[in-house]
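> If it helps, the file is called coords18.cif and holds mmCIF, C-alpha atoms:
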data_coords
#
loop_
_atom_site.label_atom_id
_atom_site.label_comp_id
_atom_site.auth_asym_id
_atom_site.auth_seq_id
_atom_site.Cartn_x
_atom_site.Cartn_y
_atom_site.Cartn_z
CA MET A 1 -53.44 74.76 44.53
CA GLN A 2 -53.62 77.55 47.06
CA VAL A 3 -53.21 81.19 45.99
CA VAL A 4 -53.18 83.15 49.24
CA ILE A 5 -49.75 84.78 49.10
CA GLY A 6 -50.04 85.84 45.45
CA ASN A 7 -53.47 87.36 46.02
CA ALA A 8 -52.22 89.28 49.08
CA ILE A 9 -49.38 90.72 47.02
CA ALA A 10 -51.73 91.41 44.09
CA ASP A 11 -54.12 93.30 46.36
CA SER A 12 -51.31 95.65 47.37
CA LEU A 13 -50.23 96.05 43.75
CA GLN A 14 -53.80 96.85 42.69
CA LEU A 15 -53.94 99.60 45.29
CA GLY A 16 -50.67 100.96 43.89
CA LEU A 17 -52.05 100.91 40.33
CA ASN A 18 -55.18 102.73 41.47
CA ASN A 19 -53.01 105.36 43.17
CA ALA A 20 -50.84 105.66 40.06
CA THR A 21 -53.90 106.44 37.95
CA ARG A 22 -54.93 109.21 40.32
CA LEU A 23 -51.39 110.61 40.50
CA LEU A 24 -51.27 110.99 36.72
CA ALA A 25 -54.44 113.11 36.61
CA GLY A 26 -53.66 116.60 35.38
CA VAL A 27 -50.03 115.87 34.51
CA ASN A 28 -49.29 116.90 30.94
CA ALA A 29 -46.54 115.74 28.60
CA SER A 30 -44.64 119.03 28.73
CA GLN A 31 -44.06 118.73 32.49
CA PHE A 32 -43.77 114.92 32.83
CA ALA A 33 -39.95 114.88 32.55
CA ARG A 34 -39.29 118.22 34.23
CA TRP A 35 -38.10 119.03 37.71
CA ALA A 36 -40.56 121.08 39.68
CA ALA A 37 -39.72 124.68 40.57
CA PRO A 38 -42.07 125.84 43.32
CA GLY A 39 -41.61 129.57 43.88
CA GLY A 40 -39.03 129.57 41.08
CA GLU A 41 -36.65 127.32 43.05
CA VAL A 42 -35.76 124.15 41.09
CA VAL A 43 -36.02 120.97 43.17
CA GLN A 44 -33.92 118.06 41.96
CA SER A 45 -36.49 115.39 42.78
CA ASN A 46 -37.65 112.43 40.73
CA HIS A 47 -40.22 113.61 38.20
CA GLY A 48 -43.12 111.66 36.72
CA ALA A 49 -41.15 110.27 33.78
CA PHE A 50 -38.46 108.89 36.04
CA VAL A 51 -40.85 107.46 38.64
CA PHE A 52 -43.05 105.64 36.13
CA GLY A 53 -40.13 104.65 33.90
CA HIS A 54 -38.13 103.27 36.81
CA LEU A 55 -41.05 101.29 38.18
CA SER A 56 -41.88 99.88 34.76
CA ILE A 57 -38.59 98.02 34.50
CA TYR A 58 -39.54 95.83 37.49
CA SER A 59 -42.78 94.28 36.23
CA PRO A 60 -40.86 91.88 33.94
CA THR A 61 -38.86 90.82 36.99
CA ILE A 62 -42.09 89.86 38.75
CA VAL A 63 -43.31 87.90 35.73
CA ASN A 64 -39.95 86.13 35.40
CA HIS A 65 -39.90 85.17 39.10
CA LEU A 66 -43.31 83.59 38.58
CA GLY A 67 -42.07 81.52 35.64
CA GLY A 68 -43.80 83.57 32.98
CA ASP A 69 -42.58 84.91 29.67
CA ALA A 70 -41.84 88.60 30.09
CA ALA A 71 -40.62 89.19 26.52
CA ALA A 72 -43.65 91.29 25.57
CA ILE A 73 -43.21 93.66 28.52
CA SER A 74 -39.42 93.76 28.73
CA PRO A 75 -37.96 97.22 28.17
CA SER A 76 -35.36 98.07 25.56
CA GLU A 77 -31.75 98.53 26.62
CA ARG A 78 -32.12 102.33 26.23
CA PHE A 79 -35.17 102.29 28.48
CA ARG A 80 -33.45 100.09 31.05
CA LEU A 81 -30.37 102.35 31.18
CA ALA A 82 -32.44 105.53 31.51
CA PHE A 83 -34.44 104.16 34.44
CA SER A 84 -32.21 101.63 36.21
CA LYS A 85 -31.60 101.73 39.95
CA ASP A 86 -28.24 103.34 39.15
CA ALA A 87 -29.62 106.01 36.79
CA GLN A 88 -29.95 109.62 37.91
CA CYS A 89 -33.14 111.54 37.25
CA VAL A 90 -32.39 114.62 35.15
CA ASP A 91 -34.46 117.55 33.98
CA ASP A 92 -35.49 117.09 30.33
CA PRO A 93 -36.75 120.46 29.02
CA SER A 94 -36.26 119.51 25.36
CA GLY A 95 -37.97 116.12 25.69
CA THR A 96 -35.00 114.24 24.20
CA ILE A 97 -33.65 112.27 27.17
CA TYR A 98 -36.69 110.24 28.17
CA PRO A 99 -39.35 108.49 26.07
CA PRO A 100 -42.70 110.28 25.70
CA GLN A 101 -45.18 110.24 28.58
CA ASP A 102 -47.65 107.99 26.73
CA GLU A 103 -44.98 105.36 26.09
CA ILE A 104 -43.75 105.33 29.69
CA VAL A 105 -47.25 105.20 31.18
CA GLU A 106 -48.35 102.44 28.76
CA ARG A 107 -45.28 100.35 29.63
CA PHE A 108 -45.94 100.85 33.35
CA PHE A 109 -49.58 99.79 33.26
CA SER A 110 -49.26 96.96 30.73
CA GLY A 111 -46.34 95.46 32.63
CA TYR A 112 -48.01 95.59 36.02
CA GLN A 113 -51.31 94.28 34.63
CA ALA A 114 -49.39 91.23 33.37
CA ALA A 115 -47.69 90.87 36.75
CA LEU A 116 -51.03 91.26 38.54
CA ALA A 117 -52.61 88.43 36.55
CA MET A 118 -49.67 86.13 37.25
CA LEU A 119 -49.68 86.95 40.96
CA ARG A 120 -53.37 86.07 41.20
CA SER A 121 -52.64 82.58 39.88
CA ALA A 122 -49.30 81.91 41.60
CA ASP A 123 -49.32 78.83 43.79
CA ASP A 124 -48.28 79.44 47.41
CA GLU A 125 -45.66 76.70 47.08
CA LEU A 126 -43.87 78.78 44.44
CA MET A 127 -43.97 81.81 46.74
CA ARG A 128 -42.26 79.82 49.50
CA GLN A 129 -39.32 78.89 47.29
CA PRO A 130 -35.96 80.59 47.85
CA ASN A 131 -35.12 83.85 46.11
CA LEU A 132 -32.13 82.78 44.04
CA ALA A 133 -31.17 86.29 42.89
CA GLY A 134 -28.29 86.24 45.33
CA GLY A 135 -26.50 89.02 47.15
CA ARG A 136 -28.40 91.73 48.97
CA SER A 137 -31.70 90.78 47.33
CA THR A 138 -31.65 87.30 48.84
CA GLU A 139 -30.34 88.62 52.13
CA LEU A 140 -33.26 91.05 52.46
CA PHE A 141 -35.91 88.88 50.78
CA PRO A 142 -35.16 85.16 51.22
CA THR A 143 -38.23 83.83 49.39
CA ILE A 144 -39.85 84.52 46.03
CA GLY A 145 -42.94 85.73 47.88
CA SER A 146 -40.97 88.21 49.98
CA VAL A 147 -39.08 89.71 47.03
CA LEU A 148 -42.28 89.98 44.98
CA GLY A 149 -44.05 91.55 47.97
CA PHE A 150 -41.38 94.26 47.86
CA TYR A 151 -41.40 94.76 44.08
CA ALA A 152 -45.20 94.89 43.88
CA GLY A 153 -45.84 96.66 47.17
CA GLY A 154 -43.21 98.69 49.00
CA HIS A 155 -41.17 99.60 45.93
CA VAL A 156 -44.21 100.79 43.99
CA MET A 157 -45.64 102.77 46.90
CA MET A 158 -42.28 104.34 47.80
CA HIS A 159 -41.83 105.76 44.30
CA LEU A 160 -45.47 106.78 44.01
CA GLY A 161 -44.85 108.82 47.16
CA GLN A 162 -42.17 110.67 45.18
CA MET A 163 -44.73 111.25 42.45
CA SER A 164 -47.16 112.66 44.99
CA ALA A 165 -44.57 115.12 46.33
CA TRP A 166 -43.57 116.13 42.77
CA ARG A 167 -47.22 116.81 41.88
CA ARG A 168 -47.59 119.09 44.87
CA MET A 169 -44.42 120.98 43.97
CA LEU A 170 -45.92 121.54 40.50
CA GLY A 171 -49.03 122.94 42.15
CA LEU A 172 -51.26 120.06 41.03
CA GLY A 173 -52.27 119.21 44.59
CA ALA A 174 -53.06 115.88 46.15
CA ALA A 175 -54.38 113.10 43.96
#
Could you take the file, read its structure, and then write that structure out as structure tokens?

Amino acid sequence: MQVVIGNAIADSLQLGLNNATRLLAGVNASQFARWAAPGGEVVQSNHGAFVFGHLSIYSPTIVNHLGGDAAAISPSERFRLAFSKDAQCVDDPSGTIYPPQDEIVERFFSGYQAALAMLRSADDELMRQPNLAGGRSTELFPTIGSVLGFYAGGHVMMHLGQMSAWRRMLGLGAA
């Protein structure tokens, strides 16, 4: 068994997880689900709760594509609806729209740690198999390896870039 493709994807994911840890430094629960307002001007940009919540719903997809059992890391229906690709990020000053910061962050890291372990043991032959999701997903990413490369690499880094910008708008600086 050869595990070159899975390890390459896992290396990118590990970098993303390391960045995520740094980006969370100094962010407190009272601001996690709030839009930033630099200079008093509210910016409707994805906040920490939305970024980490949204990303967390994709780790079970990675595990499922690799033939694993994602039941333990699968989000509830409420969680999935709040953070789906079709959901809109909203300001949550009362803390009643989104789950607490600890819950979101725990779901993010536990899910991606499970995905990371599976990627590191995924046979290259599996990664070469067709992406059977259909539609635009298969059009853009024709193999399991290519779709997982996106979910564990580009998708994670793109949203962590939003987190980085949000941090700076809050005045927390670079991570």
> If the PyMOL selection byres ((chain A and resi 112) around 12) is run on the structure shown, which residues does it catch, given as an MDAnalysis selection string?
chainID A and resid 10 12:18 20 52 55:63 70 73:74 105:111 113:119 151:153 156
> Assuming the chain letters and numbering stay as they are in my file, what does the PyMOL selection byres ((chain A and resi 145) around 12) actually select? List them as a PyMOL selection string.
chain A and resi 3-10+62+65-66+119+122-132+138+140-144+146-153
> Take atom CA of Gln101 of chain A and atom CA of Phe50 of chain A and report the distance between them in Å, one decimal.
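That distance, rounded to one decimal, is 10.1 Å.
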> Point out the residue among A:Asp91, A:Lys85, A:Arg136, A:Ile104 with the least atom-to-atom distance to Ala36 of chain A, counting all atoms listed in the file.
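Selected residue with least distance to Ala36 of chain A: A:Asp91.
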> Separation of atom CA of Thr96 of chain A and atom CA of Gln31 of chain A, in Å?
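It comes out at 13.1 Å.
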> What residues come out when you apply the PyMOL selection byres ((chain A and resi 168) around 12) to this file, written as a list in words?
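This file, filtered by the PyMOL selection byres ((chain A and resi 168) around 12), leaves Leu23, Gly26, Val27, Trp35, Ala36, Ala37, Pro38, Val43, Ser45, His47, Gly48, Gly161, Gln162, Met163, Ser164, Ala165, Trp166, Arg167, Met169, Leu170, Gly171, Leu172, Gly173, Ala174 and Ala175 of chain A.
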> In Å, how far is it from atom CA of Glu103 of chain A to atom CA of Asn19 of chain A?
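Interatomic distance, atom CA of Glu103 of chain A to atom CA of Asn19 of chain A: 18.9 Å.
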> So which one's closest to Ala82 of chain A, A:Ser94, A:His54, A:Gly67, A:His159? Using all atoms listed in the file, please.
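When distances to Ala82 of chain A are compared using all atoms listed in the file, the smallest one comes from A:His54.
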> So which residues touch Phe32 of chain A within 6 Å, counting only C-alpha atoms, skipping near sequence neighbours fewer than 2 positions away, as a compact mmCIF listing (two decimals) with C-alpha atoms, keeping the file's coordinate frame?

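Below is the file result.txt, written as the result:
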# COMPACT_ATOMS: atom_id res chain seq x y z
CA ALA A 29 -46.54 115.74 28.60
CA SER A 30 -44.64 119.03 28.73
CA ARG A 34 -39.29 118.22 34.23
CA GLY A 48 -43.12 111.66 36.72
CA ALA A 49 -41.15 110.27 33.78
> Could you check which of A:Ala25, A:Leu81, A:Ala72, A:Cys89 is closest to Gln44 of chain A, using all atoms listed in the file?
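Using all atoms listed in the file, Gln44 of chain A sits closest to A:Cys89.
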> Around all listed atoms of segment 16-21 of chain A, padded 4 Å per side, what centre and edge lengths does the axis-aligned box have in Å to one decimal, as JSON?

{"center_x": -52.9, "center_y": 103.7, "center_z": 40.9, "size_x": 12.5, "size_y": 13.5, "size_z": 13.9}
> Could you add whatever atoms are missing so that segment 43-76 of chain A carries N, CA and C atoms, then write the result as a tab-separated table (two decimals), keeping the file's coordinate frame?

chain	number	residue	atom	x	y	z
A	43	VAL	N	-36.24	122.06	42.22
A	43	VAL	CA	-36.02	120.97	43.17
A	43	VAL	C	-35.62	119.73	42.38
A	44	GLN	N	-34.43	119.24	42.66
A	44	GLN	CA	-33.92	118.06	41.96
A	44	GLN	C	-34.51	116.81	42.60
A	45	SER	N	-35.75	116.53	42.24
A	45	SER	CA	-36.49	115.39	42.78
A	45	SER	C	-37.01	114.57	41.61
A	46	ASN	N	-37.16	113.29	41.81
A	46	ASN	CA	-37.65	112.43	40.73
A	46	ASN	C	-38.97	112.97	40.18
A	47	HIS	N	-39.01	113.14	38.86
A	47	HIS	CA	-40.22	113.61	38.20
A	47	HIS	C	-41.05	112.41	37.71
A	48	GLY	N	-42.20	112.71	37.15
A	48	GLY	CA	-43.12	111.66	36.72
A	48	GLY	C	-42.50	110.68	35.75
A	49	ALA	N	-41.76	111.17	34.77
A	49	ALA	CA	-41.15	110.27	33.78
A	49	ALA	C	-40.22	109.28	34.46
A	50	PHE	N	-39.42	109.78	35.38
A	50	PHE	CA	-38.46	108.89	36.04
A	50	PHE	C	-39.16	107.90	36.96
A	51	VAL	N	-40.13	108.36	37.72
A	51	VAL	CA	-40.85	107.46	38.64
A	51	VAL	C	-41.52	106.34	37.87
A	52	PHE	N	-42.31	106.67	36.87
A	52	PHE	CA	-43.05	105.64	36.13
A	52	PHE	C	-42.12	104.79	35.26
A	53	GLY	N	-41.10	105.41	34.69
A	53	GLY	CA	-40.13	104.65	33.90
A	53	GLY	C	-39.36	103.67	34.76
A	54	HIS	N	-38.87	104.13	35.91
A	54	HIS	CA	-38.13	103.27	36.81
A	54	HIS	C	-38.99	102.09	37.27
A	55	LEU	N	-40.18	102.38	37.71
A	55	LEU	CA	-41.05	101.29	38.18
A	55	LEU	C	-41.36	100.29	37.07
A	56	SER	N	-41.49	100.78	35.86
A	56	SER	CA	-41.88	99.88	34.76
A	56	SER	C	-40.84	98.82	34.45
A	57	ILE	N	-39.59	99.04	34.82
A	57	ILE	CA	-38.59	98.02	34.50
A	57	ILE	C	-38.64	96.83	35.46
A	58	TYR	N	-39.46	96.92	36.52
A	58	TYR	CA	-39.54	95.83	37.49
A	58	TYR	C	-40.69	94.86	37.26
A	59	SER	N	-41.69	95.23	36.48
A	59	SER	CA	-42.78	94.28	36.23
A	59	SER	C	-42.30	93.03	35.50
A	60	PRO	N	-41.37	93.11	34.54
A	60	PRO	CA	-40.86	91.88	33.94
A	60	PRO	C	-40.14	90.98	34.96
A	61	THR	N	-39.51	91.60	35.94
A	61	THR	CA	-38.86	90.82	36.99
A	61	THR	C	-39.88	89.99	37.75
A	62	ILE	N	-41.02	90.58	38.06
A	62	ILE	CA	-42.09	89.86	38.75
A	62	ILE	C	-42.56	88.68	37.90
A	63	VAL	N	-42.84	88.96	36.65
A	63	VAL	CA	-43.31	87.90	35.73
A	63	VAL	C	-42.27	86.78	35.63
A	64	ASN	N	-41.00	87.14	35.49
A	64	ASN	CA	-39.95	86.13	35.40
A	64	ASN	C	-39.85	85.29	36.66
A	65	HIS	N	-39.94	85.92	37.83
A	65	HIS	CA	-39.90	85.17	39.10
A	65	HIS	C	-41.04	84.16	39.19
A	66	LEU	N	-42.15	84.47	38.54
A	66	LEU	CA	-43.31	83.59	38.58
A	66	LEU	C	-43.30	82.56	37.45
A	67	GLY	N	-42.21	82.52	36.70
A	67	GLY	CA	-42.07	81.52	35.64
A	67	GLY	C	-42.74	81.89	34.35
A	68	GLY	N	-43.13	83.14	34.20
A	68	GLY	CA	-43.80	83.57	32.98
A	68	GLY	C	-42.82	84.07	31.93
A	69	ASP	N	-43.36	84.37	30.78
A	69	ASP	CA	-42.58	84.91	29.67
A	69	ASP	C	-42.78	86.42	29.64
A	70	ALA	N	-41.74	87.15	30.00
A	70	ALA	CA	-41.84	88.60	30.09
A	70	ALA	C	-41.37	89.31	28.83
A	71	ALA	N	-41.16	88.58	27.75
A	71	ALA	CA	-40.62	89.19	26.52
A	71	ALA	C	-41.47	90.36	26.04
A	72	ALA	N	-42.77	90.24	26.09
A	72	ALA	CA	-43.65	91.29	25.57
A	72	ALA	C	-43.62	92.57	26.40
A	73	ILE	N	-43.21	92.47	27.66
A	73	ILE	CA	-43.21	93.66	28.52
A	73	ILE	C	-41.80	94.09	28.92
A	74	SER	N	-40.80	93.42	28.38
A	74	SER	CA	-39.42	93.76	28.73
A	74	SER	C	-38.99	95.04	28.02
A	75	PRO	N	-38.37	95.94	28.77
A	75	PRO	CA	-37.96	97.22	28.17
A	75	PRO	C	-36.73	97.07	27.28
A	76	SER	N	-36.56	98.03	26.41
A	76	SER	CA	-35.36	98.07	25.56
A	76	SER	C	-34.15	98.39	26.44
